[in-house]
$ cat input-v3.cif   # mmCIF, C-alpha atoms
data_protein
loop_
_atom_site.label_atom_id
_atom_site.label_comp_id
_atom_site.auth_asym_id
_atom_site.auth_seq_id
_atom_site.Cartn_x
_atom_site.Cartn_y
_atom_site.Cartn_z
CA GLN A 1 -3.33 4.03 -17.46
CA LEU A 2 -2.04 2.67 -14.17
CA GLN A 3 0.77 4.87 -12.84
CA LEU A 4 2.75 5.08 -9.59
CA VAL A 5 4.80 8.14 -8.71
CA GLU A 6 7.23 8.23 -5.80
CA SER A 7 8.30 11.45 -4.11
CA GLY A 8 9.94 12.64 -0.93
CA GLY A 9 13.48 11.47 -1.48
CA GLY A 10 16.51 13.64 -0.93
CA LEU A 11 19.72 14.14 0.99
CA VAL A 12 19.57 13.69 4.75
CA GLN A 13 22.15 13.38 7.50
CA PRO A 14 22.56 10.14 9.45
CA GLY A 15 19.91 9.94 12.14
CA GLY A 16 17.51 12.06 10.15
CA SER A 17 14.09 11.26 8.74
CA LEU A 18 12.31 11.31 5.41
CA ARG A 19 8.79 10.41 4.36
CA LEU A 20 8.37 8.86 0.94
CA SER A 21 5.05 8.97 -0.85
CA CYS A 22 3.73 6.66 -3.54
CA ALA A 23 0.80 8.24 -5.37
CA ALA A 24 -1.35 6.19 -7.70
CA SER A 25 -3.23 7.46 -10.71
CA GLY A 26 -5.40 5.71 -13.25
CA PHE A 27 -6.64 3.21 -10.67
CA THR A 28 -7.77 3.01 -7.08
CA LEU A 29 -5.37 1.55 -4.56
CA ASP A 30 -8.14 -0.07 -2.53
CA TYR A 31 -7.60 -3.47 -4.13
CA TYR A 32 -3.84 -3.37 -4.38
CA ALA A 33 -1.11 -4.52 -2.04
CA ILE A 34 1.89 -2.19 -2.13
CA GLY A 35 5.54 -2.90 -1.66
CA TRP A 36 8.53 -0.62 -1.18
CA PHE A 37 11.84 -1.74 -2.60
CA ARG A 38 15.26 -0.20 -2.84
CA GLN A 39 18.34 -0.65 -4.96
CA ALA A 40 21.77 0.64 -4.06
CA PRO A 41 24.55 0.99 -6.66
CA GLY A 42 26.04 -2.39 -7.48
CA LYS A 43 23.47 -4.27 -5.42
CA GLU A 44 20.34 -6.20 -6.17
CA ARG A 45 16.91 -4.73 -5.55
CA GLU A 46 15.67 -5.66 -2.09
CA GLY A 47 12.31 -5.56 -0.40
CA VAL A 48 11.96 -2.95 2.32
CA SER A 49 8.34 -3.11 3.38
CA CYS A 50 4.86 -4.04 2.21
CA ILE A 51 1.28 -3.33 3.17
CA SER A 52 -1.88 -5.25 2.37
CA ASN A 53 -4.76 -3.70 0.44
CA SER A 54 -6.70 -2.96 3.63
CA GLY A 55 -3.62 -1.84 5.54
CA GLY A 56 -4.27 -4.53 8.10
CA ASN A 57 -1.04 -6.39 7.47
CA THR A 58 2.45 -5.00 7.12
CA ASN A 59 5.93 -6.46 6.91
CA TYR A 60 9.45 -5.09 7.10
CA ALA A 61 12.95 -6.17 6.20
CA ASP A 62 15.04 -6.89 9.29
CA SER A 63 17.37 -4.05 8.36
CA VAL A 64 14.62 -1.44 8.74
CA LYS A 65 12.42 -2.88 11.49
CA GLY A 66 11.83 -0.37 14.25
CA ARG A 67 12.96 2.52 12.03
CA PHE A 68 10.58 2.53 9.04
CA ILE A 69 6.79 2.66 9.09
CA ILE A 70 4.57 1.94 6.11
CA SER A 71 1.04 3.29 5.94
CA ARG A 72 -1.64 3.99 3.39
CA ASP A 73 -4.43 6.48 2.88
CA ASN A 74 -6.76 4.94 0.34
CA ALA A 75 -8.86 8.10 0.27
CA LYS A 76 -5.79 9.93 -1.06
CA ASN A 77 -4.74 6.97 -3.18
CA THR A 78 -1.31 7.18 -1.58
CA VAL A 79 1.03 4.92 0.37
CA TYR A 80 3.75 6.32 2.62
CA LEU A 81 7.06 5.11 3.96
CA GLN A 82 8.20 7.01 7.04
CA MET A 83 11.92 6.50 7.44
CA ASN A 84 13.50 7.40 10.77
CA SER A 85 17.00 7.04 12.21
CA LEU A 86 18.40 6.85 8.72
CA LYS A 87 21.80 5.28 8.17
CA PRO A 88 24.27 5.63 5.30
CA GLU A 89 23.44 2.05 4.30
CA ASP A 90 19.87 3.16 3.60
CA THR A 91 21.17 5.11 0.61
CA ALA A 92 19.45 3.79 -2.50
CA VAL A 93 16.81 4.45 -5.10
CA TYR A 94 13.46 3.61 -3.54
CA TYR A 95 10.63 2.20 -5.62
CA CYS A 96 7.02 1.45 -4.85
CA ALA A 97 5.15 -1.33 -6.59
CA ALA A 98 1.55 -2.51 -6.75
CA VAL A 99 -0.21 -5.81 -7.25
CA SER A 100 -3.94 -6.35 -7.52
CA THR A 101 -5.32 -8.74 -4.95
CA ILE A 102 -8.59 -9.68 -3.26
CA VAL A 103 -6.72 -11.35 -0.41
CA GLU A 104 -7.02 -8.83 2.38
CA ARG A 105 -3.90 -9.70 4.34
CA MET A 106 -1.56 -10.39 1.45
CA CYS A 107 1.74 -8.61 1.86
CA VAL A 108 4.76 -9.84 -0.07
CA MET A 109 8.27 -8.44 -0.34
CA THR A 110 9.28 -10.32 -3.45
CA SER A 111 9.78 -8.01 -6.43
CA SER A 112 8.66 -10.55 -9.03
CA PHE A 113 5.22 -10.59 -7.41
CA TYR A 114 4.50 -7.01 -8.41
CA GLY A 115 3.37 -5.92 -11.84
CA SER A 116 3.35 -2.13 -11.64
CA TRP A 117 6.29 0.00 -10.61
CA GLY A 118 7.09 3.64 -10.08
CA GLN A 119 10.15 5.37 -11.48
CA GLY A 120 11.94 5.58 -8.13
CA THR A 121 13.15 8.34 -5.84
CA GLN A 122 16.73 8.78 -4.65
CA VAL A 123 17.48 8.71 -0.93
CA THR A 124 20.99 9.67 0.12
CA VAL A 125 22.08 9.49 3.75
CA SER A 126 25.36 11.27 4.26
CA SER A 127 27.02 13.80 6.50
#

$ encode --input "input-v3.cif" --output "structure tokens"
Amino acid sequence: QLQLVESGGGLVQPGGSLRLSCAASGFTLDYYAIGWFRQAPGKEREGVSCISNSGGNTNYADSVKGRFIISRDNAKNTVYLQMNSLKPEDTAVYYCAAVSTIVERMCVMTSSFYGSWGQGTQVTVSS
């Protein structure tokens, strides 16, 4: 059974860093593009970042460009989101999602494109 599990969330002060992990089980990530999304209370889910199945293409929301870095280690079946210079407005539940694709550079930050989702991990940025 295809499963995604996020981890690494927590409480951090403004300016701090966190690294989120998205571990896959029941399938190999090699043929999946991965997206990170977040949803703050009272707001719609928004795309944060995505990475193609080979890792050769990435994309970021304007709000996180220069602060967040997405990467993947297919040998560990895990995708990471390194979050630096965190701001209170980054507070949200963060989700990873996967979509099977043979298109090597496909990287989409539209939630409806993804078929498999993790349960989410809470990130709170507060002093």

$ residues_around --input "input-v3.cif" --residues "Gly16 (chain A)" --least-positions-apart "6" --cutoff "8 Å" --atoms "only C-alpha atoms" --output "mmCIF file with C-alpha atoms, in the coordinates of the input"
data_model
loop_
_atom_site.group_PDB
_atom_site.id
_atom_site.type_symbol
_atom_site.label_atom_id
_atom_site.label_comp_id
_atom_site.auth_asym_id
_atom_site.auth_seq_id
_atom_site.Cartn_x
_atom_site.Cartn_y
_atom_site.Cartn_z
ATOM 1 C CA ASN A 84 13.500 7.400 10.770
ATOM 2 C CA SER A 85 17.000 7.040 12.210
ATOM 3 C CA LEU A 86 18.400 6.850 8.720
#

$ resolve_selection --input "input-v3.cif" --expression "the PyMOL selection byres ((chain A and resi 115-120) around 6)" --output "list in words"
Leu4, Val5, Glu6, Val93, Tyr94, Tyr95, Cys96, Ala97, Ala98, Val99, Tyr114 and Thr121 of chain A

$ closest_residue --input "input-v3.cif" --among "A:Leu18, A:Ala61, A:Ala24, A:Val79" --to "Thr110 (chain A)" --atoms "only C-alpha atoms"
A:Ala61

$ resolve_selection --input "input-v3.cif" --expression "the PyMOL selection byres ((chain A and resi 70) around 10)" --output "MDAnalysis selection string"
chainID A and resid 19:21 34:36 48:51 55 58:60 68:69 71:72 79:83

$ resolve_selection --input "input-v3.cif" --expression "the PyMOL selection byres ((chain A and resi 100) around 8)" --output "PyMOL selection string"
chain A and resi 31-33+98-99+101-102

$ closest_residue --input "input-v3.cif" --among "A:Gly47, A:Ser54, A:Pro14, A:Lys87" --to "Phe113 (chain A)" --atoms "all atoms listed in the file"
A:Gly47

$ residues_around --input "input-v3.cif" --residues "Arg105 (chain A)" --least-positions-apart "4" --cutoff "7 Å" --atoms "only C-alpha atoms" --output "list in words"
Ser52, Gly56 and Asn57 of chain A

$ closest_residue --input "input-v3.cif" --among "A:Ala23, A:Leu2, A:Ala92, A:Val103" --to "Phe37 (chain A)" --atoms "all atoms listed in the file"
A:Ala92

$ atom_distance --input "input-v3.cif" --atom1 "CA of Val125 (chain A)" --atom2 "CA of Gly9 (chain A)"
10.3 Å

$ atom_distance --input "input-v3.cif" --atom1 "CA of Pro88 (chain A)" --atom2 "CA of Thr124 (chain A)"
7.3 Å

$ closest_residue --input "input-v3.cif" --among "A:Ser25, A:Ala75, A:Ala40, A:Val108" --to "Thr91 (chain A)" --atoms "all atoms listed in the file"
A:Ala40
